[in-house]
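Engineer: File follows, query-v3.cif with mmCIF, N, CA and C atoms:
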data_query
#
loop_
_atom_site.label_atom_id
_atom_site.label_comp_id
_atom_site.auth_asym_id
_atom_site.auth_seq_id
_atom_site.Cartn_x
_atom_site.Cartn_y
_atom_site.Cartn_z
N MET A 1 139.03 55.53 132.85
CA MET A 1 139.57 55.92 131.56
C MET A 1 138.98 57.27 131.18
N THR A 2 139.82 58.22 130.75
CA THR A 2 139.34 59.54 130.39
C THR A 2 138.79 59.53 128.97
N SER A 3 138.05 60.56 128.65
CA SER A 3 137.48 60.62 127.31
C SER A 3 138.57 60.75 126.26
N SER A 4 139.67 61.45 126.57
CA SER A 4 140.74 61.57 125.58
C SER A 4 141.42 60.22 125.36
N THR A 5 141.55 59.43 126.42
CA THR A 5 142.12 58.10 126.26
C THR A 5 141.18 57.24 125.42
N THR A 6 139.89 57.35 125.70
CA THR A 6 138.90 56.59 124.94
C THR A 6 138.92 56.99 123.48
N SER A 7 138.91 58.30 123.20
CA SER A 7 138.89 58.74 121.80
C SER A 7 140.20 58.38 121.11
N GLY A 8 141.33 58.45 121.84
CA GLY A 8 142.60 58.04 121.26
C GLY A 8 142.61 56.57 120.93
N GLY A 9 142.03 55.76 121.82
CA GLY A 9 141.93 54.33 121.57
C GLY A 9 141.03 54.02 120.40
N GLN A 10 139.93 54.77 120.30
CA GLN A 10 139.01 54.57 119.17
C GLN A 10 139.67 54.97 117.87
N ALA A 11 140.45 56.05 117.89
CA ALA A 11 141.16 56.48 116.68
C ALA A 11 142.17 55.41 116.26
N ALA A 12 142.90 54.85 117.22
CA ALA A 12 143.87 53.80 116.90
C ALA A 12 143.15 52.57 116.35
N ASP A 13 142.00 52.23 116.93
CA ASP A 13 141.24 51.08 116.42
C ASP A 13 140.77 51.34 114.99
N SER A 14 140.31 52.56 114.73
CA SER A 14 139.88 52.92 113.38
C SER A 14 141.05 52.85 112.40
N THR A 15 142.21 53.30 112.85
CA THR A 15 143.41 53.24 112.01
C THR A 15 143.79 51.79 111.71
N ARG A 16 143.72 50.94 112.71
CA ARG A 16 144.01 49.52 112.50
C ARG A 16 143.04 48.92 111.48
N GLU A 17 141.77 49.28 111.59
CA GLU A 17 140.77 48.78 110.63
C GLU A 17 141.07 49.25 109.22
N ARG A 18 141.47 50.53 109.07
CA ARG A 18 141.81 51.07 107.75
C ARG A 18 143.01 50.34 107.16
N LEU A 19 144.02 50.08 107.99
CA LEU A 19 145.19 49.35 107.52
C LEU A 19 144.81 47.96 107.04
N ARG A 20 144.03 47.25 107.85
CA ARG A 20 143.63 45.89 107.47
C ARG A 20 142.77 45.89 106.21
N ALA A 21 141.88 46.86 106.09
CA ALA A 21 141.03 46.95 104.90
C ALA A 21 141.85 47.21 103.64
N ALA A 22 143.01 47.85 103.81
CA ALA A 22 143.90 48.11 102.68
C ALA A 22 144.85 46.94 102.42
N GLY A 23 144.70 45.87 103.22
CA GLY A 23 145.55 44.70 103.03
C GLY A 23 146.89 44.77 103.72
N LEU A 24 147.02 45.69 104.68
CA LEU A 24 148.27 45.85 105.42
C LEU A 24 148.12 45.38 106.86
N ARG A 25 149.21 44.88 107.41
CA ARG A 25 149.19 44.53 108.83
C ARG A 25 149.16 45.80 109.67
N ALA A 26 148.47 45.75 110.77
CA ALA A 26 148.34 46.92 111.64
C ALA A 26 149.45 46.92 112.67
N THR A 27 150.67 47.24 112.23
CA THR A 27 151.82 47.27 113.14
C THR A 27 151.84 48.59 113.92
N SER A 28 152.54 48.60 115.02
CA SER A 28 152.65 49.82 115.83
C SER A 28 153.22 50.99 115.03
N PRO A 29 154.30 50.80 114.25
CA PRO A 29 154.80 51.94 113.46
C PRO A 29 153.77 52.47 112.45
N ARG A 30 153.02 51.59 111.81
CA ARG A 30 152.01 52.05 110.85
C ARG A 30 150.90 52.83 111.55
N VAL A 31 150.45 52.32 112.68
CA VAL A 31 149.41 53.02 113.43
C VAL A 31 149.92 54.39 113.90
N ALA A 32 151.16 54.43 114.37
CA ALA A 32 151.74 55.69 114.85
C ALA A 32 151.91 56.69 113.71
N VAL A 33 152.38 56.24 112.55
CA VAL A 33 152.56 57.13 111.40
C VAL A 33 151.23 57.71 110.95
N LEU A 34 150.22 56.86 110.77
CA LEU A 34 148.91 57.36 110.33
C LEU A 34 148.28 58.25 111.38
N GLY A 35 148.46 57.92 112.65
CA GLY A 35 147.93 58.76 113.72
C GLY A 35 148.55 60.14 113.70
N TRP A 36 149.88 60.20 113.55
CA TRP A 36 150.57 61.49 113.51
C TRP A 36 150.11 62.32 112.31
N LEU A 37 150.05 61.68 111.15
CA LEU A 37 149.69 62.41 109.95
C LEU A 37 148.23 62.85 109.93
N SER A 38 147.37 62.14 110.63
CA SER A 38 145.97 62.58 110.67
C SER A 38 145.84 63.91 111.41
N ASP A 39 146.74 64.16 112.36
CA ASP A 39 146.72 65.42 113.11
C ASP A 39 147.73 66.44 112.60
N ASN A 40 148.67 65.99 111.77
CA ASN A 40 149.76 66.86 111.28
C ASN A 40 149.98 66.65 109.79
N PRO A 41 149.00 67.05 108.98
CA PRO A 41 149.15 66.84 107.53
C PRO A 41 150.32 67.63 106.96
N HIS A 42 150.82 67.18 105.84
CA HIS A 42 151.91 67.82 105.10
C HIS A 42 153.23 67.74 105.84
N SER A 43 153.41 66.71 106.64
CA SER A 43 154.66 66.51 107.36
C SER A 43 155.67 65.80 106.46
N THR A 44 156.94 66.11 106.68
CA THR A 44 158.01 65.42 105.96
C THR A 44 158.30 64.08 106.64
N ALA A 45 159.03 63.23 105.96
CA ALA A 45 159.40 61.93 106.53
C ALA A 45 160.21 62.13 107.82
N ASP A 46 161.09 63.12 107.85
CA ASP A 46 161.87 63.37 109.07
C ASP A 46 160.99 63.81 110.23
N GLN A 47 159.99 64.65 109.94
CA GLN A 47 159.06 65.07 110.99
C GLN A 47 158.27 63.88 111.51
N VAL A 48 157.82 63.03 110.60
CA VAL A 48 157.07 61.84 110.99
C VAL A 48 157.95 60.93 111.83
N ALA A 49 159.19 60.70 111.40
CA ALA A 49 160.11 59.82 112.13
C ALA A 49 160.34 60.32 113.54
N GLY A 50 160.54 61.62 113.70
CA GLY A 50 160.74 62.18 115.04
C GLY A 50 159.54 61.98 115.93
N ALA A 51 158.36 62.19 115.38
CA ALA A 51 157.12 62.02 116.15
C ALA A 51 156.91 60.56 116.54
N VAL A 52 157.16 59.65 115.60
CA VAL A 52 156.97 58.23 115.87
C VAL A 52 157.96 57.76 116.95
N ARG A 53 159.19 58.28 116.89
CA ARG A 53 160.17 57.92 117.93
C ARG A 53 159.72 58.42 119.30
N ARG A 54 159.15 59.60 119.35
CA ARG A 54 158.65 60.12 120.64
C ARG A 54 157.51 59.26 121.18
N THR A 55 156.76 58.65 120.28
CA THR A 55 155.62 57.82 120.67
C THR A 55 156.05 56.40 121.00
N LEU A 56 156.86 55.80 120.15
CA LEU A 56 157.19 54.38 120.28
C LEU A 56 158.58 54.09 120.84
N GLY A 57 159.44 55.07 120.85
CA GLY A 57 160.82 54.82 121.24
C GLY A 57 161.67 54.62 120.00
N SER A 58 162.48 53.61 120.00
CA SER A 58 163.43 53.37 118.91
C SER A 58 162.73 52.81 117.67
N VAL A 59 162.69 53.63 116.62
CA VAL A 59 162.19 53.21 115.30
C VAL A 59 163.15 53.79 114.28
N SER A 60 163.64 52.96 113.38
CA SER A 60 164.61 53.44 112.40
C SER A 60 163.96 54.35 111.37
N THR A 61 164.76 55.22 110.82
CA THR A 61 164.27 56.10 109.75
C THR A 61 163.81 55.26 108.57
N GLN A 62 164.55 54.19 108.26
CA GLN A 62 164.17 53.32 107.15
C GLN A 62 162.80 52.70 107.39
N ALA A 63 162.52 52.31 108.63
CA ALA A 63 161.20 51.73 108.94
C ALA A 63 160.09 52.75 108.67
N VAL A 64 160.33 54.00 109.00
CA VAL A 64 159.33 55.04 108.75
C VAL A 64 159.15 55.24 107.25
N TYR A 65 160.25 55.28 106.50
CA TYR A 65 160.14 55.40 105.04
C TYR A 65 159.38 54.21 104.46
N ASP A 66 159.63 53.02 104.98
CA ASP A 66 158.91 51.83 104.51
C ASP A 66 157.42 51.94 104.78
N VAL A 67 157.05 52.44 105.97
CA VAL A 67 155.64 52.63 106.31
C VAL A 67 155.01 53.66 105.39
N LEU A 68 155.70 54.78 105.18
CA LEU A 68 155.17 55.82 104.30
C LEU A 68 154.96 55.28 102.89
N HIS A 69 155.91 54.51 102.39
CA HIS A 69 155.79 53.93 101.05
C HIS A 69 154.62 52.94 100.98
N ALA A 70 154.53 52.04 101.95
CA ALA A 70 153.46 51.04 101.95
C ALA A 70 152.09 51.70 102.04
N CYS A 71 151.96 52.69 102.91
CA CYS A 71 150.66 53.35 103.09
C CYS A 71 150.30 54.21 101.88
N THR A 72 151.29 54.81 101.24
CA THR A 72 151.03 55.58 100.01
C THR A 72 150.61 54.64 98.89
N SER A 73 151.32 53.53 98.74
CA SER A 73 150.98 52.55 97.70
C SER A 73 149.59 51.96 97.91
N ALA A 74 149.18 51.83 99.17
CA ALA A 74 147.86 51.26 99.49
C ALA A 74 146.74 52.30 99.41
N GLY A 75 147.10 53.56 99.14
CA GLY A 75 146.08 54.61 99.02
C GLY A 75 145.65 55.22 100.34
N LEU A 76 146.37 54.93 101.42
CA LEU A 76 146.03 55.50 102.72
C LEU A 76 146.67 56.87 102.93
N LEU A 77 147.74 57.13 102.19
CA LEU A 77 148.43 58.42 102.27
C LEU A 77 148.61 58.99 100.87
N ARG A 78 148.76 60.28 100.83
CA ARG A 78 149.10 60.97 99.58
C ARG A 78 150.45 61.64 99.78
N ARG A 79 151.31 61.50 98.80
CA ARG A 79 152.63 62.12 98.84
C ARG A 79 152.60 63.32 97.91
N ILE A 80 152.98 64.47 98.44
CA ILE A 80 153.10 65.65 97.59
C ILE A 80 154.57 66.05 97.57
N GLU A 81 155.02 66.51 96.42
CA GLU A 81 156.43 66.83 96.25
C GLU A 81 156.59 68.23 95.68
N PRO A 82 156.48 69.25 96.53
CA PRO A 82 156.66 70.61 96.03
C PRO A 82 158.12 70.82 95.58
N ALA A 83 158.29 71.38 94.41
CA ALA A 83 159.63 71.58 93.85
C ALA A 83 160.52 72.33 94.83
N GLY A 84 161.73 71.79 95.04
CA GLY A 84 162.69 72.45 95.92
C GLY A 84 162.49 72.19 97.39
N HIS A 85 161.52 71.36 97.74
CA HIS A 85 161.22 71.07 99.15
C HIS A 85 161.09 69.57 99.32
N PRO A 86 161.29 69.07 100.55
CA PRO A 86 161.14 67.62 100.76
C PRO A 86 159.70 67.17 100.55
N ALA A 87 159.56 65.91 100.19
CA ALA A 87 158.23 65.33 100.03
C ALA A 87 157.47 65.45 101.34
N ARG A 88 156.17 65.60 101.22
CA ARG A 88 155.29 65.71 102.38
C ARG A 88 154.16 64.70 102.22
N PHE A 89 153.59 64.30 103.34
CA PHE A 89 152.58 63.26 103.34
C PHE A 89 151.34 63.74 104.06
N GLU A 90 150.19 63.24 103.60
CA GLU A 90 148.91 63.58 104.22
C GLU A 90 147.95 62.40 104.10
N CYS A 91 146.96 62.40 104.98
CA CYS A 91 145.94 61.34 104.98
C CYS A 91 144.76 61.67 104.08
N ARG A 92 144.64 62.89 103.65
CA ARG A 92 143.50 63.32 102.83
C ARG A 92 143.69 62.81 101.41
N THR A 93 143.06 61.67 101.10
CA THR A 93 143.27 61.03 99.80
C THR A 93 141.99 60.86 99.00
N ALA A 94 140.85 61.00 99.61
CA ALA A 94 139.60 60.59 98.97
C ALA A 94 138.88 61.72 98.23
N ASP A 95 139.57 62.82 98.00
CA ASP A 95 138.91 63.92 97.30
C ASP A 95 139.89 64.58 96.34
N ASN A 96 139.39 65.48 95.56
CA ASN A 96 140.20 66.23 94.61
C ASN A 96 140.49 67.58 95.23
N HIS A 97 141.67 67.71 95.85
CA HIS A 97 142.06 68.99 96.41
C HIS A 97 143.47 69.34 95.97
N HIS A 98 143.85 70.57 96.19
CA HIS A 98 145.15 71.08 95.75
C HIS A 98 145.90 71.63 96.95
N HIS A 99 147.04 72.25 96.69
CA HIS A 99 147.88 72.72 97.79
C HIS A 99 148.39 74.14 97.54
N LEU A 100 148.51 74.87 98.65
CA LEU A 100 149.20 76.16 98.68
C LEU A 100 150.55 75.85 99.31
N VAL A 101 151.64 76.30 98.71
CA VAL A 101 152.98 76.04 99.25
C VAL A 101 153.73 77.35 99.35
N CYS A 102 154.35 77.57 100.50
CA CYS A 102 155.15 78.77 100.74
C CYS A 102 156.51 78.60 100.07
N ARG A 103 156.88 79.55 99.24
CA ARG A 103 158.18 79.52 98.56
C ARG A 103 159.34 79.62 99.55
N ALA A 104 159.13 80.28 100.66
CA ALA A 104 160.23 80.52 101.60
C ALA A 104 160.44 79.34 102.56
N CYS A 105 159.40 78.92 103.25
CA CYS A 105 159.58 77.91 104.31
C CYS A 105 159.06 76.52 103.92
N GLY A 106 158.30 76.43 102.84
CA GLY A 106 157.79 75.14 102.40
C GLY A 106 156.50 74.70 103.05
N ARG A 107 155.95 75.52 103.93
CA ARG A 107 154.68 75.18 104.57
C ARG A 107 153.63 74.92 103.49
N ALA A 108 152.82 73.88 103.72
CA ALA A 108 151.78 73.53 102.75
C ALA A 108 150.42 73.51 103.43
N GLU A 109 149.41 73.91 102.68
CA GLU A 109 148.03 73.92 103.16
C GLU A 109 147.15 73.34 102.07
N ASP A 110 146.07 72.68 102.49
CA ASP A 110 145.08 72.19 101.54
C ASP A 110 144.21 73.33 101.06
N VAL A 111 143.79 73.24 99.82
CA VAL A 111 142.80 74.16 99.27
C VAL A 111 141.86 73.31 98.42
N ASP A 112 140.58 73.43 98.69
CA ASP A 112 139.60 72.64 97.95
C ASP A 112 139.55 73.09 96.49
N CYS A 113 139.28 72.14 95.63
CA CYS A 113 139.13 72.42 94.21
C CYS A 113 137.75 73.02 93.98
N VAL A 114 137.70 74.15 93.28
CA VAL A 114 136.41 74.78 93.02
C VAL A 114 135.61 74.01 91.98
N HIS A 115 136.29 73.24 91.16
CA HIS A 115 135.59 72.46 90.13
C HIS A 115 134.96 71.22 90.74
N GLY A 116 135.65 70.61 91.70
CA GLY A 116 135.11 69.43 92.37
C GLY A 116 135.71 68.13 91.91
N SER A 117 135.32 67.67 90.75
CA SER A 117 135.75 66.34 90.30
C SER A 117 137.08 66.42 89.54
N ALA A 118 137.78 65.31 89.53
CA ALA A 118 139.05 65.23 88.81
C ALA A 118 138.81 64.75 87.38
N PRO A 119 139.57 65.17 86.42
CA PRO A 119 140.54 66.26 86.53
C PRO A 119 139.82 67.61 86.44
N CYS A 120 140.32 68.56 87.20
CA CYS A 120 139.63 69.85 87.24
C CYS A 120 140.10 70.78 86.12
N LEU A 121 141.17 70.42 85.46
CA LEU A 121 141.65 71.16 84.29
C LEU A 121 141.77 70.18 83.13
N VAL A 122 141.58 70.68 81.96
CA VAL A 122 141.73 69.85 80.77
C VAL A 122 142.79 70.51 79.89
N PRO A 123 143.82 69.76 79.50
CA PRO A 123 144.87 70.36 78.67
C PRO A 123 144.35 70.66 77.26
N SER A 124 145.02 71.55 76.58
CA SER A 124 144.60 71.90 75.21
C SER A 124 144.78 70.71 74.28
N SER A 125 145.71 69.81 74.60
CA SER A 125 145.90 68.59 73.82
C SER A 125 146.23 67.46 74.79
N THR A 126 145.62 66.32 74.60
CA THR A 126 145.90 65.18 75.48
C THR A 126 147.01 64.29 74.94
N ALA A 127 147.44 64.49 73.71
CA ALA A 127 148.48 63.68 73.08
C ALA A 127 148.17 62.19 73.20
N GLY A 128 146.88 61.87 73.22
CA GLY A 128 146.47 60.48 73.30
C GLY A 128 146.37 59.93 74.71
N TYR A 129 146.72 60.70 75.71
CA TYR A 129 146.64 60.26 77.10
C TYR A 129 145.19 60.21 77.57
N SER A 130 144.89 59.33 78.46
CA SER A 130 143.61 59.31 79.15
C SER A 130 143.82 60.05 80.47
N ILE A 131 143.41 61.29 80.55
CA ILE A 131 143.67 62.15 81.70
C ILE A 131 142.70 61.85 82.83
N ASP A 132 143.22 61.60 84.03
CA ASP A 132 142.34 61.33 85.18
C ASP A 132 142.61 62.25 86.36
N GLU A 133 143.66 63.07 86.28
CA GLU A 133 143.99 63.93 87.42
C GLU A 133 144.82 65.11 86.95
N ALA A 134 144.64 66.24 87.62
CA ALA A 134 145.50 67.41 87.42
C ALA A 134 146.02 67.80 88.80
N GLU A 135 147.32 67.81 88.96
CA GLU A 135 147.91 68.17 90.25
C GLU A 135 148.27 69.65 90.22
N ILE A 136 147.64 70.41 91.09
CA ILE A 136 147.82 71.85 91.08
C ILE A 136 148.44 72.29 92.39
N VAL A 137 149.50 73.09 92.28
CA VAL A 137 150.16 73.67 93.44
C VAL A 137 150.18 75.18 93.24
N PHE A 138 149.64 75.89 94.20
CA PHE A 138 149.67 77.34 94.20
C PHE A 138 150.87 77.76 95.05
N TRP A 139 151.71 78.64 94.51
CA TRP A 139 152.92 79.09 95.19
C TRP A 139 152.78 80.53 95.64
N GLY A 140 153.38 80.84 96.78
CA GLY A 140 153.38 82.20 97.30
C GLY A 140 154.09 82.21 98.63
N LEU A 141 153.80 83.19 99.46
CA LEU A 141 154.37 83.30 100.80
C LEU A 141 153.26 83.08 101.83
N CYS A 142 153.53 82.24 102.82
CA CYS A 142 152.58 82.04 103.90
C CYS A 142 152.49 83.32 104.71
N PRO A 143 151.48 83.47 105.56
CA PRO A 143 151.34 84.71 106.34
C PRO A 143 152.58 85.05 107.18
N ASP A 144 153.21 84.02 107.79
CA ASP A 144 154.39 84.28 108.62
C ASP A 144 155.56 84.83 107.79
N CYS A 145 155.83 84.18 106.66
CA CYS A 145 156.94 84.63 105.81
C CYS A 145 156.64 85.97 105.15
N ALA A 146 155.37 86.19 104.77
CA ALA A 146 155.00 87.47 104.15
C ALA A 146 155.18 88.62 105.14
N SER A 147 154.81 88.41 106.40
CA SER A 147 154.96 89.48 107.40
C SER A 147 156.42 89.70 107.75
N ALA A 148 157.27 88.66 107.63
CA ALA A 148 158.69 88.80 107.92
C ALA A 148 159.41 89.62 106.85
N THR A 149 158.85 89.67 105.63
CA THR A 149 159.50 90.42 104.55
C THR A 149 159.04 91.87 104.48
N GLU A 150 158.05 92.21 105.28
CA GLU A 150 157.53 93.60 105.25
C GLU A 150 158.41 94.53 106.03
#
As a first step, turn the structure in this file into structure tokens.

Structural biologist:
Amino acid sequence: MTSSTTSGGQAADSTRERLRAAGLRATSPRVAVLGWLSDNPHSTADQVAGAVRRTLGSVSTQAVYDVLHACTSAGLLRRIEPAGHPARFECRTADNHHHLVCRACGRAEDVDCVHGSAPCLVPSSTAGYSIDEAEIVFWGLCPDCASATE
């Protein structure tokens, strides 16, 4: 067994443990979805579905959406929804971070919050709400799109 096979097996075992700890069954589609997203953050559901099909063979798009929903509800995934672009999913859920999104192509990148803890911004008025999070998206052009417009 090669080291890459061993590390891949260990990653799958870790993913199965995370699923079970979240109260979910460790099915092949769930393991494949989380595995893909751990290496390919900010992927759309269609990108995830294509990757899972390449790994497992025949998996319906609905099954992938169901996995994404279950894992997001269980706190294993975070769904980001940049305006005008398809929803994207990532495994980075345990910290307070924000996103850079390209206006042209929709590419998204993580950016750490300089404040650290949530919420990192406080509104001028809470209107009685108990604020626990501020979702911040920075918009602009990614390096590829910026160089294409020059």

Engineer: Written as a JSON list (two decimals) with N, CA and C atoms, in the frame of the given file, which residues does the PyMOL selection byres (((chain A and resi 135-146 and name CA) around 6) and name CA) give for the file shown?

Structural biologist:
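New file result27.json:
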[["chain", "number", "residue", "atom", "x", "y", "z"],
["A", 98, "HIS", "N", 143.85, 70.57, 96.19],
["A", 98, "HIS", "CA", 145.15, 71.08, 95.75],
["A", 98, "HIS", "C", 145.90, 71.63, 96.95],
["A", 99, "HIS", "N", 147.04, 72.25, 96.69],
["A", 99, "HIS", "CA", 147.88, 72.72, 97.79],
["A", 99, "HIS", "C", 148.39, 74.14, 97.54],
["A", 100, "LEU", "N", 148.51, 74.87, 98.65],
["A", 100, "LEU", "CA", 149.20, 76.16, 98.68],
["A", 100, "LEU", "C", 150.55, 75.85, 99.31],
["A", 101, "VAL", "N", 151.64, 76.30, 98.71],
["A", 101, "VAL", "CA", 152.98, 76.04, 99.25],
["A", 101, "VAL", "C", 153.73, 77.35, 99.35],
["A", 102, "CYS", "N", 154.35, 77.57, 100.50],
["A", 102, "CYS", "CA", 155.15, 78.77, 100.74],
["A", 102, "CYS", "C", 156.51, 78.60, 100.07],
["A", 103, "ARG", "N", 156.88, 79.55, 99.24],
["A", 103, "ARG", "CA", 158.18, 79.52, 98.56],
["A", 103, "ARG", "C", 159.34, 79.62, 99.55],
["A", 134, "ALA", "N", 144.64, 66.24, 87.62],
["A", 134, "ALA", "CA", 145.50, 67.41, 87.42],
["A", 134, "ALA", "C", 146.02, 67.80, 88.80],
["A", 147, "SER", "N", 154.81, 88.41, 106.40],
["A", 147, "SER", "CA", 154.96, 89.48, 107.40],
["A", 147, "SER", "C", 156.42, 89.70, 107.75],
["A", 148, "ALA", "N", 157.27, 88.66, 107.63],
["A", 148, "ALA", "CA", 158.69, 88.80, 107.92],
["A", 148, "ALA", "C", 159.41, 89.62, 106.85],
["A", 149, "THR", "N", 158.85, 89.67, 105.63],
["A", 149, "THR", "CA", 159.50, 90.42, 104.55],
["A", 149, "THR", "C", 159.04, 91.87, 104.48]]

Engineer: Tell me which protein, DNA and RNA residues are within 8 Å of A:Val48, counting all atoms listed in the file, leaving out same-chain ones fewer than 3 positions away, and put them as a PyMOL selection string.

Structural biologist: chain A and resi 32-33+36-37+43-45+51-54+64

Engineer: Any chance you could list, as a ChimeraX atom specification, the residues in chain A that come up strand (DSSP E or B) when DSSP is run on the backbone?

Structural biologist: /A:43-44,78-80,88-90,97-102,108-112,137-140

Engineer: Report, in Å with one decimal, the straight-line distance from atom CA of A:Leu56 to atom CA of A:Arg30.

Structural biologist: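 Distance reported for this atom pair: 11.0 Å.
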
Engineer: Counting only C-alpha atoms, find residues at most 10 Å from (149.4, 46.4, 104.3) (file frame) and give them as a PyMOL selection string.

Structural biologist: chain A and resi 18-27+30+67+70-71+73-74+76

Engineer: When distances are computed from only C-alpha atoms, which of A:Gly9, A:Thr72, A:Val114, A:Ala87 shows the smallest separation from A:Gln47?

Structural biologist: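 Looking only at the distances to A:Gln47, the closest residue turns out to be A:Ala87.
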
Engineer: How far is it from atom CA of A:Gly75 to atom CA of A:Gly35, in Å with one decimal?

Structural biologist: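 According to the coordinates, atom CA of A:Gly75 and atom CA of A:Gly35 are separated by 15.4 Å.
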
Engineer: Report, in Å to a single decimal, how far apart atom N of A:Glu81 and atom CA of A:Val59 are.

Structural biologist: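 Going from atom CA of A:Val59 over to atom N of A:Glu81, I get 24.2 Å.
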
Engineer: Could you give me the axis-aligned bounding box of stretch 91-96 of chain A, with 5 Å of padding per side, as centre plus edge lengths in Å to one decimal, as JSON?

Structural biologist:
{"center_x": 142.9, "center_y": 64.1, "center_z": 99.8, "size_x": 18.1, "size_y": 17.0, "size_z": 20.4}

Engineer: From the options A:Gly128, A:Gly50, A:Pro123, A:Pro41, which residue's atoms come nearest to A:Arg92, counting only C-alpha atoms?

Structural biologist: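 Looking at the shortest contact to A:Arg92, the residue is A:Pro41.
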
Engineer: Which residue gives the smallest distance to A:Tyr65 among A:Ala94, A:Pro29, A:Leu121, A:Asp39, with only C-alpha atoms counted?

Structural biologist: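 Among the listed residues, A:Pro29 lies closest to A:Tyr65.
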
Engineer: Mind listing the alpha helix (DSSP H) residues of stretch 50-150 of chain A, per DSSP on the backbone, as a PyMOL selection string?

Structural biologist: chain A and resi 50-56+61-73+143-148

Engineer: Just checking: using only N, CA and C atoms, which residue out of A:Cys105, A:Leu34, A:Leu68, A:Ala63 ends up closest to A:His85?

Structural biologist: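 Nearest candidate to A:His85 out of A:Cys105, A:Leu34, A:Leu68, A:Ala63: A:Cys105.
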
Engineer: Counting all atoms listed in the file, which of A:Ser124, A:Gly84, A:Asp13, A:Thr93 gets nearest to A:Gly106?

Structural biologist: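 So, comparing all the options, the nearest one is A:Gly84.
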